[in-house]
Amino acid sequence: MDPGTLLARITDYASRPDPYPLYAELRAAGPVVRQDDGGFLVGGYHQIAALLHDPRMSADERSRTAPAPYEGTRDASFLRLDDPEHHRLRTLAMRPFGPPHSPHRVDAMRGEIARITEELLADLPADRPVDIVDDFAYPLPVIVICRLLGVPREDEPRFRAWSDALVATADIRPGEDTTEVERAGDRAGAELREYLLDLAERRRGRPADDMLSAFVNEPDPSLRLSPQELAVTAALLLIAGHETTVNLITNGVLTLLRGPEHLERLRREPGLLPRAVEELLRYEPPVHLRERVPLVDIEVAGTTIPAGTSVMLALASGNRDPLRFPEPDRFVPDRPDNEHLGFGSGIHLCYGAPLARIEAQTALGALLPRLEGAQLAEDPPYRRNAMLRGPRHLRVRLLTGAAPTTRDGARGRRSGPGSPPWTGR
């Protein structure tokens, strides 16, 4: 097939269940391939890693002068900015989140993450297949990031619609009219930022132990975020703080169900879980594609890419590159030397990676006993998004004997009527 259509074929929804043969085609054709729209697609591990560390490559879509395969988000979060502004905003955002200023915040969440996990597992239904997404993998990181930021529990369900609308604007849809998607994303972004600003203002002078309180009560004027920066940064943390983790947990469960020998090994050797999560980040990463724009003409693997041109880095392809990983299409729970691209690399390395690792290790570790003998109820339907790839639903039949006891003492029944508010059912 024409390698110039690879991006269009990768982003075609029909490819979502298994894009990996297309990534292999990309590496064989490239590893750098010009697309019919004038952009470039990069699929080799070493080329992607080098570009992610190259200061000549911009994350700011305003650097783009050539046509792009998608419009992209228009917010000013540090995810889409270059240094020095990226460094300033990311540093200020990190102060209440992690080292060196708040070194224990994430690690101190381990106990609470374990409690939330057990509560969700206790409420898994027994009268129908469990949907790993709606019943477990989605609510867990949403509850966690909301508590870190200081969002009241009763407001957590509101974020599903906002998040879905905003994430849709970051998808790649070659040839499609995305006007309505962009409008919906603009509305959702405005509503979410207004909500977060109002919540932060209520913390001013009355701080609690959360990140919004830390942002709005920063005593040093030089370290304060402006209201717009605070709103955009908090919105980014809220969405990025759960979207990738949902995919990581769900892709992990699916991988283990399709490879029961790995599930059994992890049950026998739970100490392997941290390494298994790293292998999941390589083998079935939650983020597949990232865009960069060269600020000057650059040469990559013998191909000259002009300044201002859209360059799509296929992180998931790099993770399966046989020039970097032996037997890359095999899931190896104890794989050595596993420097994957699951969280990106370089200055834009995922801000929330330590939290995502804890959540995934806790979630999968708690699920292992319940997955014994479990079966997929159906082939999972995938989310539309090609950049953030994962099942939209993952319905699993658990063994009756594995059904947990709920907090009201009944086996496998919810302690309250109906479905939880985050499912949208």
# chains A, B, ... in the order shown; residues from 1 in each chain; ligands from 1
>>> closest_atom_pairs(of="stretch 248-348 of chain A", to="stretch 37-41 of chain A", cutoff="12 Å", atoms="only C-alpha atoms", output="CSV")
residue,atom,partner,partner_atom,distance
A:Leu289,CA,A:Leu41,CA,9.6
A:Arg290,CA,A:Leu41,CA,10.1
A:Glu291,CA,A:Leu41,CA,9.3
A:Arg292,CA,A:Phe40,CA,10.0
A:Val293,CA,A:Gly39,CA,9.7
A:Pro294,CA,A:Phe40,CA,10.9
A:Glu299,CA,A:Phe40,CA,12.0
A:Val300,CA,A:Phe40,CA,10.6
A:Thr303,CA,A:Phe40,CA,9.8
A:Thr304,CA,A:Phe40,CA,10.1
A:Ile305,CA,A:Phe40,CA,7.6
A:Pro306,CA,A:Gly39,CA,9.5
A:Ala307,CA,A:Gly39,CA,11.0
A:Gly308,CA,A:Gly39,CA,9.7
A:Thr309,CA,A:Gly39,CA,5.9
A:Ser310,CA,A:Gly39,CA,4.9
A:Val311,CA,A:Phe40,CA,4.8
A:Met312,CA,A:Leu41,CA,4.8
A:Leu313,CA,A:Leu41,CA,6.1
A:Ala314,CA,A:Leu41,CA,7.1
A:Leu315,CA,A:Leu41,CA,10.6
A:Ser317,CA,A:Leu41,CA,10.5
A:Gly318,CA,A:Leu41,CA,11.6
>>> residues_around(residues="stretch 100-110 of chain A", least_positions_apart="5", cutoff="8 Å", atoms="only C-alpha atoms", output="JSON, numbers by chain")
{"A": [94, 95, 354, 355, 358]}
>>> write_last_selection(atoms="all heavy atoms", output="mmCIF file, in the first residue's frame")
data_model
loop_
_atom_site.group_PDB
_atom_site.id
_atom_site.type_symbol
_atom_site.label_atom_id
_atom_site.label_comp_id
_atom_site.auth_asym_id
_atom_site.auth_seq_id
_atom_site.Cartn_x
_atom_site.Cartn_y
_atom_site.Cartn_z
ATOM 1 N N MET A 94 4.327 21.741 39.361
ATOM 2 C CA MET A 94 4.929 20.644 40.114
ATOM 3 C C MET A 94 5.093 20.957 41.594
ATOM 4 O O MET A 94 5.198 20.044 42.418
ATOM 5 C CB MET A 94 6.298 20.307 39.522
ATOM 6 C CG MET A 94 6.272 19.474 38.259
ATOM 7 S SD MET A 94 5.600 17.817 38.523
ATOM 8 C CE MET A 94 6.870 17.088 39.574
ATOM 9 N N ARG A 95 5.146 22.234 41.962
ATOM 10 C CA ARG A 95 5.446 22.589 43.354
ATOM 11 C C ARG A 95 4.534 21.882 44.354
ATOM 12 O O ARG A 95 5.021 21.306 45.330
ATOM 13 C CB ARG A 95 5.387 24.112 43.537
ATOM 14 C CG ARG A 95 6.589 24.845 42.956
ATOM 15 C CD ARG A 95 6.450 26.349 43.115
ATOM 16 N NE ARG A 95 6.427 26.758 44.503
ATOM 17 C CZ ARG A 95 7.493 26.913 45.267
ATOM 18 N NH1 ARG A 95 8.698 26.688 44.770
ATOM 19 N NH2 ARG A 95 7.380 27.293 46.520
ATOM 20 N N PRO A 354 4.456 9.154 37.919
ATOM 21 C CA PRO A 354 4.546 8.439 39.206
ATOM 22 C C PRO A 354 3.181 8.052 39.765
ATOM 23 O O PRO A 354 3.010 6.947 40.294
ATOM 24 C CB PRO A 354 5.256 9.457 40.116
ATOM 25 C CG PRO A 354 6.010 10.336 39.182
ATOM 26 C CD PRO A 354 5.136 10.463 37.969
ATOM 27 N N LEU A 355 2.199 8.935 39.625
ATOM 28 C CA LEU A 355 0.856 8.633 40.115
ATOM 29 C C LEU A 355 0.219 7.524 39.278
ATOM 30 O O LEU A 355 -0.402 6.603 39.825
ATOM 31 C CB LEU A 355 -0.007 9.890 40.072
ATOM 32 C CG LEU A 355 -1.460 9.732 40.541
ATOM 33 C CD1 LEU A 355 -1.520 9.286 41.990
ATOM 34 C CD2 LEU A 355 -2.220 11.046 40.351
ATOM 35 N N ILE A 358 1.519 4.103 40.299
ATOM 36 C CA ILE A 358 0.945 3.612 41.556
ATOM 37 C C ILE A 358 -0.479 3.126 41.339
ATOM 38 O O ILE A 358 -0.880 2.056 41.829
ATOM 39 C CB ILE A 358 0.987 4.716 42.627
ATOM 40 C CG1 ILE A 358 2.432 5.024 43.031
ATOM 41 C CG2 ILE A 358 0.176 4.314 43.866
ATOM 42 C CD1 ILE A 358 2.582 6.222 43.951
#
>>> residues_around(residues="stretch 364-378 of chain A", least_positions_apart="5", cutoff="6 Å", atoms="only C-alpha atoms", output="list of chain:residue names")
A:Arg395, A:Val396, A:Arg397, A:Leu398, A:Leu399, A:Ala402
>>> atom_distance(atom1="atom CA of A:Arg80", atom2="atom CA of A:Arg389")
19.8 Å
>>> select_by_dssp(residues="stretch 169-347 of chain A", states="strand (DSSP E)", output="list in words")
Leu289, Arg290, Glu291, Arg292, Val293, Pro294, Ile298, Glu299, Val300, Thr303, Thr304, Ile305, Val311, Met312, Leu313 and Ala314 of chain A
>>> write_last_selection(atoms="N, CA, C and O atoms", output="mmCIF file, in the first residue's frame")
data_model
loop_
_atom_site.group_PDB
_atom_site.id
_atom_site.type_symbol
_atom_site.label_atom_id
_atom_site.label_comp_id
_atom_site.auth_asym_id
_atom_site.auth_seq_id
_atom_site.Cartn_x
_atom_site.Cartn_y
_atom_site.Cartn_z
ATOM 1 N N LEU A 289 0.296 8.500 19.745
ATOM 2 C CA LEU A 289 0.838 9.489 18.816
ATOM 3 C C LEU A 289 1.047 10.824 19.523
ATOM 4 O O LEU A 289 0.257 11.205 20.391
ATOM 5 N N ARG A 290 2.099 11.520 19.112
ATOM 6 C CA ARG A 290 2.346 12.879 19.588
ATOM 7 C C ARG A 290 2.838 13.718 18.420
ATOM 8 O O ARG A 290 3.625 13.244 17.594
ATOM 9 N N GLU A 291 2.395 14.972 18.357
ATOM 10 C CA GLU A 291 2.831 15.861 17.280
ATOM 11 C C GLU A 291 3.959 16.761 17.739
ATOM 12 O O GLU A 291 3.956 17.260 18.871
ATOM 13 N N ARG A 292 4.929 16.973 16.863
ATOM 14 C CA ARG A 292 5.971 17.958 17.062
ATOM 15 C C ARG A 292 6.168 18.722 15.750
ATOM 16 O O ARG A 292 5.787 18.257 14.676
ATOM 17 N N VAL A 293 6.804 19.901 15.846
ATOM 18 C CA VAL A 293 7.028 20.758 14.677
ATOM 19 C C VAL A 293 8.480 21.234 14.705
ATOM 20 O O VAL A 293 8.907 21.849 15.694
ATOM 21 N N PRO A 294 9.272 20.971 13.655
ATOM 22 C CA PRO A 294 10.656 21.464 13.648
ATOM 23 C C PRO A 294 10.706 22.980 13.465
ATOM 24 O O PRO A 294 9.986 23.551 12.640
ATOM 25 N N ILE A 298 15.368 20.002 9.493
ATOM 26 C CA ILE A 298 16.159 18.980 10.187
ATOM 27 C C ILE A 298 16.229 17.728 9.319
ATOM 28 O O ILE A 298 15.352 17.480 8.490
ATOM 29 N N GLU A 299 17.272 16.957 9.538
ATOM 30 C CA GLU A 299 17.413 15.689 8.827
ATOM 31 C C GLU A 299 17.227 14.544 9.818
ATOM 32 O O GLU A 299 17.867 14.512 10.879
ATOM 33 N N VAL A 300 16.332 13.615 9.480
ATOM 34 C CA VAL A 300 16.060 12.455 10.327
ATOM 35 C C VAL A 300 16.156 11.208 9.459
ATOM 36 O O VAL A 300 15.401 11.060 8.488
ATOM 37 N N THR A 303 16.156 11.766 5.801
ATOM 38 C CA THR A 303 15.036 12.527 5.245
ATOM 39 C C THR A 303 15.065 13.943 5.808
ATOM 40 O O THR A 303 15.164 14.130 7.029
ATOM 41 N N THR A 304 14.981 14.938 4.939
ATOM 42 C CA THR A 304 14.925 16.329 5.391
ATOM 43 C C THR A 304 13.482 16.728 5.632
ATOM 44 O O THR A 304 12.626 16.593 4.758
ATOM 45 N N ILE A 305 13.225 17.210 6.838
ATOM 46 C CA ILE A 305 11.886 17.674 7.210
ATOM 47 C C ILE A 305 11.946 19.189 7.311
ATOM 48 O O ILE A 305 12.701 19.739 8.126
ATOM 49 N N VAL A 311 4.925 16.911 12.303
ATOM 50 C CA VAL A 311 5.595 15.620 12.417
ATOM 51 C C VAL A 311 4.875 14.800 13.487
ATOM 52 O O VAL A 311 4.812 15.213 14.640
ATOM 53 N N MET A 312 4.330 13.664 13.087
ATOM 54 C CA MET A 312 3.671 12.779 14.032
ATOM 55 C C MET A 312 4.649 11.706 14.485
ATOM 56 O O MET A 312 5.186 10.943 13.668
ATOM 57 N N LEU A 313 4.886 11.654 15.779
ATOM 58 C CA LEU A 313 5.750 10.647 16.369
ATOM 59 C C LEU A 313 4.877 9.488 16.834
ATOM 60 O O LEU A 313 4.041 9.654 17.738
ATOM 61 N N ALA A 314 5.046 8.329 16.225
ATOM 62 C CA ALA A 314 4.234 7.158 16.567
ATOM 63 C C ALA A 314 4.901 6.427 17.730
ATOM 64 O O ALA A 314 5.678 5.477 17.543
#
>>> closest_residue(among="A:Leu51, A:Ala353, A:Ala14, A:Ile249", to="A:Asp134", atoms="only C-alpha atoms")
A:Ile249
>>> decode(residues="stretch 109-199 of chain A", atoms="C-alpha atoms", output="PDB file, in the first residue's frame")
ATOM      1  CA  MET A 109      -1.704   8.578  48.305  1.00  0.00           C
ATOM      2  CA  ARG A 110      -0.867   4.847  48.174  1.00  0.00           C
ATOM      3  CA  GLY A 111      -3.082   3.951  51.111  1.00  0.00           C
ATOM      4  CA  GLU A 112      -6.005   6.003  49.848  1.00  0.00           C
ATOM      5  CA  ILE A 113      -5.632   4.611  46.323  1.00  0.00           C
ATOM      6  CA  ALA A 114      -5.758   1.089  47.787  1.00  0.00           C
ATOM      7  CA  ARG A 115      -8.906   1.967  49.785  1.00  0.00           C
ATOM      8  CA  ILE A 116     -10.640   3.478  46.747  1.00  0.00           C
ATOM      9  CA  THR A 117      -9.687   0.403  44.716  1.00  0.00           C
ATOM     10  CA  GLU A 118     -11.182  -1.974  47.267  1.00  0.00           C
ATOM     11  CA  GLU A 119     -14.381   0.076  47.500  1.00  0.00           C
ATOM     12  CA  LEU A 120     -14.837  -0.056  43.739  1.00  0.00           C
ATOM     13  CA  LEU A 121     -14.117  -3.792  43.631  1.00  0.00           C
ATOM     14  CA  ALA A 122     -16.577  -4.410  46.448  1.00  0.00           C
ATOM     15  CA  ASP A 123     -19.282  -2.751  44.372  1.00  0.00           C
ATOM     16  CA  LEU A 124     -18.706  -4.740  41.179  1.00  0.00           C
ATOM     17  CA  PRO A 125     -22.017  -6.151  39.900  1.00  0.00           C
ATOM     18  CA  ALA A 126     -22.862  -9.861  39.959  1.00  0.00           C
ATOM     19  CA  ASP A 127     -25.992  -9.716  37.804  1.00  0.00           C
ATOM     20  CA  ARG A 128     -24.165  -8.801  34.578  1.00  0.00           C
ATOM     21  CA  PRO A 129     -20.652  -8.848  33.124  1.00  0.00           C
ATOM     22  CA  VAL A 130     -18.371  -6.337  34.795  1.00  0.00           C
ATOM     23  CA  ASP A 131     -17.403  -3.396  32.592  1.00  0.00           C
ATOM     24  CA  ILE A 132     -13.782  -2.864  33.600  1.00  0.00           C
ATOM     25  CA  VAL A 133     -13.939   0.668  32.147  1.00  0.00           C
ATOM     26  CA  ASP A 134     -17.126   2.101  33.622  1.00  0.00           C
ATOM     27  CA  ASP A 135     -17.189   0.038  36.810  1.00  0.00           C
ATOM     28  CA  PHE A 136     -13.529   0.348  37.739  1.00  0.00           C
ATOM     29  CA  ALA A 137     -10.801   1.779  35.476  1.00  0.00           C
ATOM     30  CA  TYR A 138     -12.547   5.103  34.865  1.00  0.00           C
ATOM     31  CA  PRO A 139     -13.761   6.003  38.368  1.00  0.00           C
ATOM     32  CA  LEU A 140     -10.507   5.078  40.136  1.00  0.00           C
ATOM     33  CA  PRO A 141      -8.180   7.721  38.622  1.00  0.00           C
ATOM     34  CA  VAL A 142     -10.995  10.299  38.482  1.00  0.00           C
ATOM     35  CA  ILE A 143     -11.591   9.972  42.226  1.00  0.00           C
ATOM     36  CA  VAL A 144      -7.853  10.124  42.891  1.00  0.00           C
ATOM     37  CA  ILE A 145      -7.098  13.221  40.800  1.00  0.00           C
ATOM     38  CA  CYS A 146     -10.190  15.003  42.105  1.00  0.00           C
ATOM     39  CA  ARG A 147      -9.057  14.421  45.670  1.00  0.00           C
ATOM     40  CA  LEU A 148      -5.552  15.631  44.860  1.00  0.00           C
ATOM     41  CA  LEU A 149      -6.898  18.813  43.296  1.00  0.00           C
ATOM     42  CA  GLY A 150      -9.584  19.330  45.911  1.00  0.00           C
ATOM     43  CA  VAL A 151     -12.723  18.707  43.840  1.00  0.00           C
ATOM     44  CA  PRO A 152     -15.722  17.750  45.997  1.00  0.00           C
ATOM     45  CA  ARG A 153     -16.838  14.135  45.598  1.00  0.00           C
ATOM     46  CA  GLU A 154     -20.340  15.142  44.522  1.00  0.00           C
ATOM     47  CA  ASP A 155     -18.903  17.071  41.547  1.00  0.00           C
ATOM     48  CA  GLU A 156     -16.786  14.203  40.171  1.00  0.00           C
ATOM     49  CA  PRO A 157     -19.442  12.907  37.715  1.00  0.00           C
ATOM     50  CA  ARG A 158     -19.488  16.262  35.914  1.00  0.00           C
ATOM     51  CA  PHE A 159     -16.028  15.729  34.501  1.00  0.00           C
ATOM     52  CA  ARG A 160     -16.888  12.843  32.177  1.00  0.00           C
ATOM     53  CA  ALA A 161     -18.692  15.028  29.650  1.00  0.00           C
ATOM     54  CA  TRP A 162     -16.128  17.835  29.914  1.00  0.00           C
ATOM     55  CA  SER A 163     -13.225  15.435  29.534  1.00  0.00           C
ATOM     56  CA  ASP A 164     -14.746  13.539  26.607  1.00  0.00           C
ATOM     57  CA  ALA A 165     -15.385  16.782  24.727  1.00  0.00           C
ATOM     58  CA  LEU A 166     -11.891  18.138  25.334  1.00  0.00           C
ATOM     59  CA  VAL A 167     -10.085  14.903  24.504  1.00  0.00           C
ATOM     60  CA  ALA A 168     -12.028  14.686  21.234  1.00  0.00           C
ATOM     61  CA  THR A 169     -10.416  17.958  20.118  1.00  0.00           C
ATOM     62  CA  ALA A 170      -6.970  16.349  20.437  1.00  0.00           C
ATOM     63  CA  ASP A 171      -7.858  13.441  18.167  1.00  0.00           C
ATOM     64  CA  ILE A 172      -6.589  13.080  14.597  1.00  0.00           C
ATOM     65  CA  ARG A 173      -9.342  12.949  11.980  1.00  0.00           C
ATOM     66  CA  PRO A 174      -7.848  13.438   8.511  1.00  0.00           C
ATOM     67  CA  GLY A 175     -10.354  14.708   5.988  1.00  0.00           C
ATOM     68  CA  GLU A 176     -13.170  15.139   8.497  1.00  0.00           C
ATOM     69  CA  ASP A 177     -15.033  18.341   9.335  1.00  0.00           C
ATOM     70  CA  THR A 178     -14.234  18.843  13.021  1.00  0.00           C
ATOM     71  CA  THR A 179     -16.056  22.155  13.436  1.00  0.00           C
ATOM     72  CA  GLU A 180     -18.670  20.795  15.835  1.00  0.00           C
ATOM     73  CA  VAL A 181     -16.057  18.829  17.757  1.00  0.00           C
ATOM     74  CA  GLU A 182     -14.012  22.000  18.226  1.00  0.00           C
ATOM     75  CA  ARG A 183     -17.067  24.004  19.298  1.00  0.00           C
ATOM     76  CA  ALA A 184     -18.048  21.360  21.831  1.00  0.00           C
ATOM     77  CA  GLY A 185     -14.465  21.317  23.126  1.00  0.00           C
ATOM     78  CA  ASP A 186     -14.433  25.109  23.444  1.00  0.00           C
ATOM     79  CA  ARG A 187     -17.675  25.043  25.443  1.00  0.00           C
ATOM     80  CA  ALA A 188     -16.456  22.237  27.689  1.00  0.00           C
ATOM     81  CA  GLY A 189     -13.111  23.953  28.256  1.00  0.00           C
ATOM     82  CA  ALA A 190     -14.745  27.241  29.185  1.00  0.00           C
ATOM     83  CA  GLU A 191     -17.150  25.544  31.605  1.00  0.00           C
ATOM     84  CA  LEU A 192     -14.397  23.465  33.209  1.00  0.00           C
ATOM     85  CA  ARG A 193     -12.034  26.422  33.624  1.00  0.00           C
ATOM     86  CA  GLU A 194     -14.813  28.569  35.107  1.00  0.00           C
ATOM     87  CA  TYR A 195     -15.682  25.794  37.558  1.00  0.00           C
ATOM     88  CA  LEU A 196     -12.056  25.308  38.648  1.00  0.00           C
ATOM     89  CA  LEU A 197     -11.423  29.034  39.044  1.00  0.00           C
ATOM     90  CA  ASP A 198     -14.519  29.389  41.214  1.00  0.00           C
ATOM     91  CA  LEU A 199     -13.448  26.407  43.317  1.00  0.00           C
TER      92      LEU A 199
END
